[in-house]
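Structure file query08.pdb (PDB, C-alpha atoms) is printed below.
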```
ATOM      1  CA  MET G  89      11.793 -12.587 -12.568  1.00  0.00           C
ATOM      2  CA  SER G  90      12.236 -15.485 -10.203  1.00  0.00           C
ATOM      3  CA  SER G  91       8.983 -17.075  -9.083  1.00  0.00           C
ATOM      4  CA  ASP G  92      10.209 -17.274  -5.486  1.00  0.00           C
ATOM      5  CA  ARG G  93      10.255 -13.505  -5.130  1.00  0.00           C
ATOM      6  CA  ILE G  94       7.628 -11.932  -2.899  1.00  0.00           C
ATOM      7  CA  ARG G  95       5.302  -9.832  -5.014  1.00  0.00           C
ATOM      8  CA  VAL G  96       4.631  -6.488  -3.332  1.00  0.00           C
ATOM      9  CA  ALA G  97       2.020  -4.058  -4.634  1.00  0.00           C
ATOM     10  CA  VAL G  98       2.894  -0.507  -3.556  1.00  0.00           C
ATOM     11  CA  ILE G  99      -0.349   1.475  -3.666  1.00  0.00           C
ATOM     12  CA  ILE G 100      -0.373   5.263  -4.078  1.00  0.00           C
ATOM     13  CA  GLY G 101      -3.536   6.192  -2.189  1.00  0.00           C
ATOM     14  CA  SER G 102      -3.987   9.854  -3.073  1.00  0.00           C
ATOM     15  CA  VAL G 103      -5.472  11.008  -6.359  1.00  0.00           C
ATOM     16  CA  ARG G 104      -5.387  14.751  -5.631  1.00  0.00           C
ATOM     17  CA  LYS G 105      -3.754  17.234  -7.953  1.00  0.00           C
ATOM     18  CA  GLY G 106      -0.298  18.190  -6.691  1.00  0.00           C
ATOM     19  CA  ARG G 107      -0.063  15.121  -4.447  1.00  0.00           C
ATOM     20  CA  LEU G 108       3.225  14.053  -2.909  1.00  0.00           C
ATOM     21  CA  GLY G 109       2.348  10.345  -2.986  1.00  0.00           C
ATOM     22  CA  PRO G 110       4.131   9.504  -6.258  1.00  0.00           C
ATOM     23  CA  THR G 111       7.362  11.121  -5.027  1.00  0.00           C
ATOM     24  CA  ILE G 112       7.283   9.131  -1.792  1.00  0.00           C
ATOM     25  CA  ALA G 113       6.252   5.907  -3.549  1.00  0.00           C
ATOM     26  CA  ASN G 114       9.042   6.252  -6.121  1.00  0.00           C
ATOM     27  CA  TRP G 115      11.567   6.856  -3.342  1.00  0.00           C
ATOM     28  CA  PHE G 116      10.316   3.752  -1.527  1.00  0.00           C
ATOM     29  CA  THR G 117      10.261   1.521  -4.609  1.00  0.00           C
ATOM     30  CA  GLY G 118      13.852   2.563  -5.252  1.00  0.00           C
ATOM     31  CA  ILE G 119      14.816   1.114  -1.872  1.00  0.00           C
ATOM     32  CA  ALA G 120      12.572  -1.950  -2.220  1.00  0.00           C
ATOM     33  CA  GLY G 121      13.875  -2.598  -5.733  1.00  0.00           C
ATOM     34  CA  GLN G 122      17.381  -3.165  -4.350  1.00  0.00           C
ATOM     35  CA  ARG G 123      16.214  -6.328  -2.606  1.00  0.00           C
ATOM     36  CA  GLU G 124      16.584  -9.595  -4.480  1.00  0.00           C
ATOM     37  CA  ASP G 125      13.697 -11.236  -2.592  1.00  0.00           C
ATOM     38  CA  LEU G 126      11.046  -8.757  -3.760  1.00  0.00           C
ATOM     39  CA  GLN G 127       9.221  -7.993  -7.001  1.00  0.00           C
ATOM     40  CA  ILE G 128       7.593  -4.540  -6.894  1.00  0.00           C
ATOM     41  CA  ASP G 129       4.417  -3.449  -8.671  1.00  0.00           C
ATOM     42  CA  LEU G 130       3.567   0.267  -8.322  1.00  0.00           C
ATOM     43  CA  VAL G 131      -0.227   0.759  -8.360  1.00  0.00           C
ATOM     44  CA  ASP G 132      -1.311   4.400  -8.715  1.00  0.00           C
ATOM     45  CA  LEU G 133      -4.991   4.899  -7.876  1.00  0.00           C
ATOM     46  CA  ALA G 134      -5.049   7.965 -10.135  1.00  0.00           C
ATOM     47  CA  ASP G 135      -4.958   5.486 -13.031  1.00  0.00           C
ATOM     48  CA  TYR G 136      -8.310   3.951 -12.044  1.00  0.00           C
ATOM     49  CA  ASP G 137     -11.754   5.462 -11.707  1.00  0.00           C
ATOM     50  CA  LEU G 138     -13.307   3.576  -8.798  1.00  0.00           C
ATOM     51  CA  PRO G 139     -16.539   5.226  -7.648  1.00  0.00           C
ATOM     52  CA  ASN G 140     -17.646   5.312  -4.018  1.00  0.00           C
ATOM     53  CA  ARG G 141     -21.065   3.879  -4.878  1.00  0.00           C
ATOM     54  CA  LEU G 142     -20.823   0.092  -4.811  1.00  0.00           C
ATOM     55  CA  THR G 143     -23.002  -2.023  -7.081  1.00  0.00           C
ATOM     56  CA  ASP G 144     -23.431  -5.692  -7.903  1.00  0.00           C
ATOM     57  CA  GLU G 145     -23.743  -4.828 -11.583  1.00  0.00           C
ATOM     58  CA  PRO G 146     -20.910  -2.498 -12.628  1.00  0.00           C
ATOM     59  CA  GLY G 147     -21.176  -0.928 -16.065  1.00  0.00           C
ATOM     60  CA  PRO G 148     -18.677  -1.530 -18.881  1.00  0.00           C
ATOM     61  CA  GLU G 149     -16.261   1.285 -17.932  1.00  0.00           C
ATOM     62  CA  LEU G 150     -16.117   0.253 -14.275  1.00  0.00           C
ATOM     63  CA  THR G 151     -15.772  -3.413 -15.225  1.00  0.00           C
ATOM     64  CA  GLU G 152     -12.803  -2.475 -17.408  1.00  0.00           C
ATOM     65  CA  SER G 153     -11.199  -0.460 -14.595  1.00  0.00           C
ATOM     66  CA  LEU G 154     -11.749  -3.253 -12.060  1.00  0.00           C
ATOM     67  CA  GLY G 155     -10.326  -5.702 -14.575  1.00  0.00           C
ATOM     68  CA  LYS G 156      -7.098  -3.709 -14.668  1.00  0.00           C
ATOM     69  CA  VAL G 157      -6.495  -3.198 -10.943  1.00  0.00           C
ATOM     70  CA  GLY G 158      -8.070  -6.360  -9.481  1.00  0.00           C
ATOM     71  CA  PRO G 159      -5.610  -8.835 -11.004  1.00  0.00           C
ATOM     72  CA  ARG G 160      -2.672  -6.745  -9.829  1.00  0.00           C
ATOM     73  CA  LEU G 161      -3.969  -6.933  -6.267  1.00  0.00           C
ATOM     74  CA  ALA G 162      -4.716 -10.644  -6.588  1.00  0.00           C
ATOM     75  CA  GLU G 163      -1.175 -11.392  -7.810  1.00  0.00           C
ATOM     76  CA  ALA G 164       0.415  -9.566  -4.879  1.00  0.00           C
ATOM     77  CA  ASP G 165       1.685 -11.482  -1.859  1.00  0.00           C
ATOM     78  CA  ALA G 166       1.850  -8.277   0.191  1.00  0.00           C
ATOM     79  CA  PHE G 167       0.954  -4.597   0.048  1.00  0.00           C
ATOM     80  CA  VAL G 168       2.476  -1.277   1.044  1.00  0.00           C
ATOM     81  CA  VAL G 169      -0.027   1.568   1.167  1.00  0.00           C
ATOM     82  CA  VAL G 170       1.316   5.097   0.694  1.00  0.00           C
ATOM     83  CA  THR G 171      -1.274   7.380   2.254  1.00  0.00           C
ATOM     84  CA  PRO G 172      -1.644  11.032   3.154  1.00  0.00           C
ATOM     85  CA  GLU G 173      -3.811  12.158   6.032  1.00  0.00           C
ATOM     86  CA  TYR G 174      -6.945  14.041   5.033  1.00  0.00           C
ATOM     87  CA  ASN G 175      -9.100  15.417   7.843  1.00  0.00           C
ATOM     88  CA  HIS G 176      -7.547  13.051  10.421  1.00  0.00           C
ATOM     89  CA  SER G 177      -8.072   9.991   8.182  1.00  0.00           C
ATOM     90  CA  TYR G 178      -7.200   8.430   4.831  1.00  0.00           C
ATOM     91  CA  PRO G 179      -8.418   9.418   1.332  1.00  0.00           C
ATOM     92  CA  GLY G 180     -11.706   8.135  -0.073  1.00  0.00           C
ATOM     93  CA  SER G 181      -9.841   6.702  -3.061  1.00  0.00           C
ATOM     94  CA  LEU G 182      -8.264   4.122  -0.754  1.00  0.00           C
ATOM     95  CA  LYS G 183     -11.603   3.189   0.788  1.00  0.00           C
ATOM     96  CA  ALA G 184     -13.089   2.709  -2.677  1.00  0.00           C
ATOM     97  CA  LEU G 185     -10.187   0.419  -3.648  1.00  0.00           C
ATOM     98  CA  ILE G 186     -10.573  -1.655  -0.493  1.00  0.00           C
ATOM     99  CA  ASP G 187     -14.361  -1.903  -0.781  1.00  0.00           C
ATOM    100  CA  TRP G 188     -14.393  -2.860  -4.470  1.00  0.00           C
ATOM    101  CA  HIS G 189     -12.172  -5.862  -3.745  1.00  0.00           C
ATOM    102  CA  THR G 190     -12.551  -8.708  -1.278  1.00  0.00           C
ATOM    103  CA  VAL G 191     -10.533 -11.895  -1.695  1.00  0.00           C
ATOM    104  CA  GLU G 192      -7.575  -9.951  -3.119  1.00  0.00           C
ATOM    105  CA  TRP G 193      -6.679  -8.850   0.447  1.00  0.00           C
ATOM    106  CA  HIS G 194      -7.164 -12.208   2.167  1.00  0.00           C
ATOM    107  CA  ALA G 195      -4.309 -13.517   4.320  1.00  0.00           C
ATOM    108  CA  LYS G 196      -1.770 -10.997   3.049  1.00  0.00           C
ATOM    109  CA  PRO G 197       0.348  -8.516   5.039  1.00  0.00           C
ATOM    110  CA  VAL G 198      -0.059  -4.769   4.628  1.00  0.00           C
ATOM    111  CA  GLY G 199       2.549  -2.149   5.510  1.00  0.00           C
ATOM    112  CA  PHE G 200       2.060   1.604   5.569  1.00  0.00           C
ATOM    113  CA  ILE G 201       3.940   4.735   4.574  1.00  0.00           C
ATOM    114  CA  SER G 202       2.166   7.862   5.751  1.00  0.00           C
ATOM    115  CA  TYR G 203       2.704  11.551   5.319  1.00  0.00           C
ATOM    116  CA  GLY G 204       1.071  14.743   6.443  1.00  0.00           C
ATOM    117  CA  GLY G 205       1.331  17.660   8.840  1.00  0.00           C
ATOM    118  CA  GLN G 206       2.566  17.360  12.401  1.00  0.00           C
ATOM    119  CA  ALA G 207       1.021  13.905  12.869  1.00  0.00           C
ATOM    120  CA  GLY G 208       2.702  12.624   9.692  1.00  0.00           C
ATOM    121  CA  GLY G 209      -0.361  10.691   8.578  1.00  0.00           C
ATOM    122  CA  ILE G 210      -0.393   8.349  11.575  1.00  0.00           C
ATOM    123  CA  ARG G 211      -4.129   8.867  12.126  1.00  0.00           C
ATOM    124  CA  ALA G 212      -4.794   7.701   8.571  1.00  0.00           C
ATOM    125  CA  VAL G 213      -2.824   4.522   9.258  1.00  0.00           C
ATOM    126  CA  GLU G 214      -4.629   3.869  12.532  1.00  0.00           C
ATOM    127  CA  HIS G 215      -7.966   4.147  10.717  1.00  0.00           C
ATOM    128  CA  LEU G 216      -6.805   1.776   7.980  1.00  0.00           C
ATOM    129  CA  ARG G 217      -5.653  -0.991  10.329  1.00  0.00           C
ATOM    130  CA  PRO G 218      -9.126  -2.219  11.421  1.00  0.00           C
ATOM    131  CA  ILE G 219     -10.445  -1.886   7.873  1.00  0.00           C
ATOM    132  CA  PHE G 220      -7.734  -4.162   6.511  1.00  0.00           C
ATOM    133  CA  SER G 221      -8.305  -6.521   9.424  1.00  0.00           C
ATOM    134  CA  GLU G 222     -11.965  -6.772   8.419  1.00  0.00           C
ATOM    135  CA  ALA G 223     -10.778  -7.468   4.852  1.00  0.00           C
ATOM    136  CA  HIS G 224      -8.860 -10.490   6.239  1.00  0.00           C
ATOM    137  CA  ALA G 225      -5.475  -8.823   5.770  1.00  0.00           C
ATOM    138  CA  MET G 226      -2.784  -8.546   8.421  1.00  0.00           C
ATOM    139  CA  THR G 227      -1.148  -5.183   9.087  1.00  0.00           C
ATOM    140  CA  ILE G 228       2.457  -5.044  10.214  1.00  0.00           C
ATOM    141  CA  ARG G 229       3.683  -2.850  13.019  1.00  0.00           C
ATOM    142  CA  GLN G 230       6.620  -1.098  11.331  1.00  0.00           C
ATOM    143  CA  THR G 231       5.713   2.052   9.382  1.00  0.00           C
ATOM    144  CA  VAL G 232       7.474   4.876   7.581  1.00  0.00           C
ATOM    145  CA  VAL G 233       6.190   8.299   8.633  1.00  0.00           C
ATOM    146  CA  PHE G 234       6.902  11.679   7.047  1.00  0.00           C
ATOM    147  CA  HIS G 235       6.019  14.656   9.237  1.00  0.00           C
ATOM    148  CA  GLN G 236       5.750  17.910   7.250  1.00  0.00           C
ATOM    149  CA  PRO G 237       7.218  16.184   4.157  1.00  0.00           C
ATOM    150  CA  TRP G 238       6.900  18.952   1.582  1.00  0.00           C
ATOM    151  CA  ASP G 239      10.453  20.251   1.971  1.00  0.00           C
ATOM    152  CA  GLN G 240      12.083  16.896   2.733  1.00  0.00           C
ATOM    153  CA  PHE G 241      12.435  15.902  -0.935  1.00  0.00           C
ATOM    154  CA  ASP G 242      14.520  17.715  -3.527  1.00  0.00           C
ATOM    155  CA  ASP G 243      13.517  18.448  -7.135  1.00  0.00           C
ATOM    156  CA  LYS G 244      14.678  14.959  -8.190  1.00  0.00           C
ATOM    157  CA  GLY G 245      12.494  13.222  -5.584  1.00  0.00           C
ATOM    158  CA  GLU G 246      15.423  12.348  -3.334  1.00  0.00           C
ATOM    159  CA  LEU G 247      15.331  12.826   0.419  1.00  0.00           C
ATOM    160  CA  ARG G 248      17.556  15.616   1.672  1.00  0.00           C
ATOM    161  CA  ASN G 249      18.280  13.694   4.922  1.00  0.00           C
ATOM    162  CA  PRO G 250      17.603  10.057   4.047  1.00  0.00           C
ATOM    163  CA  THR G 251      19.077   8.057   6.929  1.00  0.00           C
ATOM    164  CA  GLY G 252      16.098   7.822   9.301  1.00  0.00           C
ATOM    165  CA  ALA G 253      13.510   7.205   6.591  1.00  0.00           C
ATOM    166  CA  GLU G 254      15.709   4.672   4.796  1.00  0.00           C
ATOM    167  CA  ASN G 255      16.238   2.733   8.023  1.00  0.00           C
ATOM    168  CA  ALA G 256      12.481   2.744   8.665  1.00  0.00           C
ATOM    169  CA  ALA G 257      11.798   1.590   5.094  1.00  0.00           C
ATOM    170  CA  LYS G 258      14.272  -1.280   5.413  1.00  0.00           C
ATOM    171  CA  ALA G 259      12.702  -2.352   8.721  1.00  0.00           C
ATOM    172  CA  LEU G 260       9.229  -2.223   7.142  1.00  0.00           C
ATOM    173  CA  LEU G 261      10.418  -4.334   4.220  1.00  0.00           C
ATOM    174  CA  ASP G 262      12.049  -6.883   6.546  1.00  0.00           C
ATOM    175  CA  GLN G 263       8.799  -7.330   8.493  1.00  0.00           C
ATOM    176  CA  LEU G 264       6.672  -7.374   5.354  1.00  0.00           C
ATOM    177  CA  ALA G 265       8.882  -9.991   3.678  1.00  0.00           C
ATOM    178  CA  TRP G 266       8.874 -12.189   6.776  1.00  0.00           C
ATOM    179  CA  TRP G 267       5.081 -12.151   7.096  1.00  0.00           C
ATOM    180  CA  ALA G 268       4.509 -12.531   3.365  1.00  0.00           C
ATOM    181  CA  GLY G 269       6.893 -15.482   3.195  1.00  0.00           C
ATOM    182  CA  ALA G 270       5.248 -17.172   6.170  1.00  0.00           C
ATOM    183  CA  LEU G 271       1.732 -16.625   4.832  1.00  0.00           C
ATOM    184  CA  VAL G 272       2.562 -17.744   1.291  1.00  0.00           C
ATOM    185  CA  GLU G 273       4.115 -20.936   2.643  1.00  0.00           C
ATOM    186  CA  TRP G 274       1.220 -21.646   5.001  1.00  0.00           C
ATOM    187  CA  LYS G 275      -1.445 -20.911   2.359  1.00  0.00           C
ATOM    188  CA  ALA G 276       0.276 -23.361  -0.002  1.00  0.00           C
ATOM    189  CA  ARG G 277      -0.358 -26.117   2.554  1.00  0.00           C
ATOM    190  CA  HIS G 278      -3.658 -24.826   3.954  1.00  0.00           C
ATOM    191  CA  PRO G 279      -5.626 -22.593   1.539  1.00  0.00           C
ATOM    192  CA  TYR G 280      -7.277 -19.659   3.247  1.00  0.00           C
ATOM    193  CA  SER G 281     -11.065 -19.928   3.241  1.00  0.00           C
ATOM    194  CA  GLY G 282     -11.924 -16.532   4.741  1.00  0.00           C
TER
END
```
Can you dump the structure from the file as structure tokens?
Amino acid sequence: MSSDRIRVAVIIGSVRKGRLGPTIANWFTGIAGQREDLQIDLVDLADYDLPNRLTDEPGPELTESLGKVGPRLAEADAFVVVTPEYNHSYPGSLKALIDWHTVEWHAKPVGFISYGGQAGGIRAVEHLRPIFSEAHAMTIRQTVVFHQPWDQFDDKGELRNPTGAENAAKALLDQLAWWAGALVEWKARHPYSG
């Protein structure tokens, strides 16, 4: 792939059995994959066992897991977090991912796709914004929100009424690409010290 493409890590934040996150993430990466300016890396947190207890001396299994996900985050120029809303917030698996990594988030834009009941996961996103800010990341305004999403996708993972969500996804990607491009260019001239 061309080296001038913006590398976007799309993170599936839920690890629960029966989760809808992979369906939504696959739908989104299908749209993002149509763009010639982006290179997409789908990161599923169910593939990594990141405990909530932080330590300065991780054991061999945790070191191996961190060694698999950390470089993927470090290589990304931008992130899109696909998150459900659990108890008016985001899943603990996302918090563990954020807390186990530091410089991987620095000076990079983060976009959000949320899903849930009537609120559509918006409360999860609003809780994640200050956390990513503290991690030296920059969240973008545009989001994709799925209210009551369980019947919106067919058996093949396609949206039954795609127009609104597709337009929102394209707007998110436009903002994300703009910010990522600007930050990559600026960091090349002035490395970010955090």
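Interatomic distance, atom CA of Arg95 of chain G to atom CA of Ile128 of chain G: 6.1 Å.
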Per-residue nearest contacts segment 103-196 of chain G to segment 254-266 of chain G, cut-off 12 Å, using all atoms listed in the file, as JSON lines:
```
{"residue": "G:Ile112", "atom": "CA", "partner": "G:Ala257", "partner_atom": "CA", "distance": 11.2}
{"residue": "G:Ala113", "atom": "CA", "partner": "G:Ala257", "partner_atom": "CA", "distance": 11.1}
{"residue": "G:Trp115", "atom": "CA", "partner": "G:Glu254", "partner_atom": "CA", "distance": 9.4}
{"residue": "G:Phe116", "atom": "CA", "partner": "G:Ala257", "partner_atom": "CA", "distance": 7.1}
{"residue": "G:Thr117", "atom": "CA", "partner": "G:Ala257", "partner_atom": "CA", "distance": 9.8}
{"residue": "G:Gly118", "atom": "CA", "partner": "G:Glu254", "partner_atom": "CA", "distance": 10.4}
{"residue": "G:Ile119", "atom": "CA", "partner": "G:Ala257", "partner_atom": "CA", "distance": 7.6}
{"residue": "G:Ala120", "atom": "CA", "partner": "G:Leu261", "partner_atom": "CA", "distance": 7.2}
{"residue": "G:Gly121", "atom": "CA", "partner": "G:Leu261", "partner_atom": "CA", "distance": 10.7}
{"residue": "G:Gln122", "atom": "CA", "partner": "G:Lys258", "partner_atom": "CA", "distance": 10.4}
{"residue": "G:Arg123", "atom": "CA", "partner": "G:Leu261", "partner_atom": "CA", "distance": 9.2}
{"residue": "G:Glu124", "atom": "CA", "partner": "G:Ala265", "partner_atom": "CA", "distance": 11.2}
{"residue": "G:Asp125", "atom": "CA", "partner": "G:Ala265", "partner_atom": "CA", "distance": 8.0}
{"residue": "G:Leu126", "atom": "CA", "partner": "G:Ala265", "partner_atom": "CA", "distance": 7.8}
{"residue": "G:Gln127", "atom": "CA", "partner": "G:Ala265", "partner_atom": "CA", "distance": 10.9}
{"residue": "G:Ile128", "atom": "CA", "partner": "G:Leu261", "partner_atom": "CA", "distance": 11.5}
{"residue": "G:Asp165", "atom": "CA", "partner": "G:Ala265", "partner_atom": "CA", "distance": 9.2}
{"residue": "G:Ala166", "atom": "CA", "partner": "G:Leu264", "partner_atom": "CA", "distance": 7.1}
{"residue": "G:Phe167", "atom": "CA", "partner": "G:Leu264", "partner_atom": "CA", "distance": 8.3}
{"residue": "G:Val168", "atom": "CA", "partner": "G:Leu264", "partner_atom": "CA", "distance": 8.6}
{"residue": "G:Val169", "atom": "CA", "partner": "G:Leu260", "partner_atom": "CA", "distance": 11.7}
{"residue": "G:Val170", "atom": "CA", "partner": "G:Ala257", "partner_atom": "CA", "distance": 11.9}
{"residue": "G:Lys196", "atom": "CA", "partner": "G:Leu264", "partner_atom": "CA", "distance": 9.5}
```
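This file, filtered with the PyMOL selection byres ((chain G and resi 132-134) around 7), gives the residues Ile99, Ile100, Gly101, Ser102, Val103, Leu130, Val131, Asp135 and Tyr136 of chain G.
What separates atom CA of Ser181 of chain G from atom CA of Glu246 of chain G is a distance of 25.9 Å.
Considering the residues G:Ile201, G:Leu185, G:Leu142, G:Ala162 and counting all atoms listed in the file, Leu108 of chain G has its shortest atom-to-atom contact with G:Ile201.
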Item to check | Spatial neighbours of Asn140 of chain G, max dist 12 Å, all atoms listed in the file, sep filter under 6 positions, as a PyMOL selection string | outcome: chain G and resi 150+179-188
Got time to write the residues from that selection, C-alpha atoms, as an mmCIF file, keeping the file's coordinate frame?
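Wrote it out as part_24.cif, contents follow:
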```
data_model
loop_
_atom_site.group_PDB
_atom_site.id
_atom_site.type_symbol
_atom_site.label_atom_id
_atom_site.label_comp_id
_atom_site.auth_asym_id
_atom_site.auth_seq_id
_atom_site.Cartn_x
_atom_site.Cartn_y
_atom_site.Cartn_z
ATOM 1 C CA LEU G 150 -16.117 0.253 -14.275
ATOM 2 C CA PRO G 179 -8.418 9.418 1.332
ATOM 3 C CA GLY G 180 -11.706 8.135 -0.073
ATOM 4 C CA SER G 181 -9.841 6.702 -3.061
ATOM 5 C CA LEU G 182 -8.264 4.122 -0.754
ATOM 6 C CA LYS G 183 -11.603 3.189 0.788
ATOM 7 C CA ALA G 184 -13.089 2.709 -2.677
ATOM 8 C CA LEU G 185 -10.187 0.419 -3.648
ATOM 9 C CA ILE G 186 -10.573 -1.655 -0.493
ATOM 10 C CA ASP G 187 -14.361 -1.903 -0.781
ATOM 11 C CA TRP G 188 -14.393 -2.860 -4.470
#
```
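Distances from G:Arg141, G:His235, G:His189, G:Arg160 to Ser202 of chain G were compared using only C-alpha atoms, and the smallest one belongs to G:His235.
Proximity to Phe200 of chain G was assessed for G:Thr143, G:Ala97, G:Thr111, G:Trp238 counting only C-alpha atoms; the smallest distance is recorded for G:Ala97.
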Checklist entry - Do you know which residues are at most 6 Å from segment 211-216 of chain G counting only C-alpha atoms, after dropping those on the same chain fewer than 6 positions away, and could you put them as a PyMOL selection string? => result chain G and resi 173+176-178
Checklist entry - So, counting only C-alpha atoms, which residue among G:Gly252, G:His224, G:Ile219, G:Ala195 is closest to Pro279 of chain G? => result G:Ala195
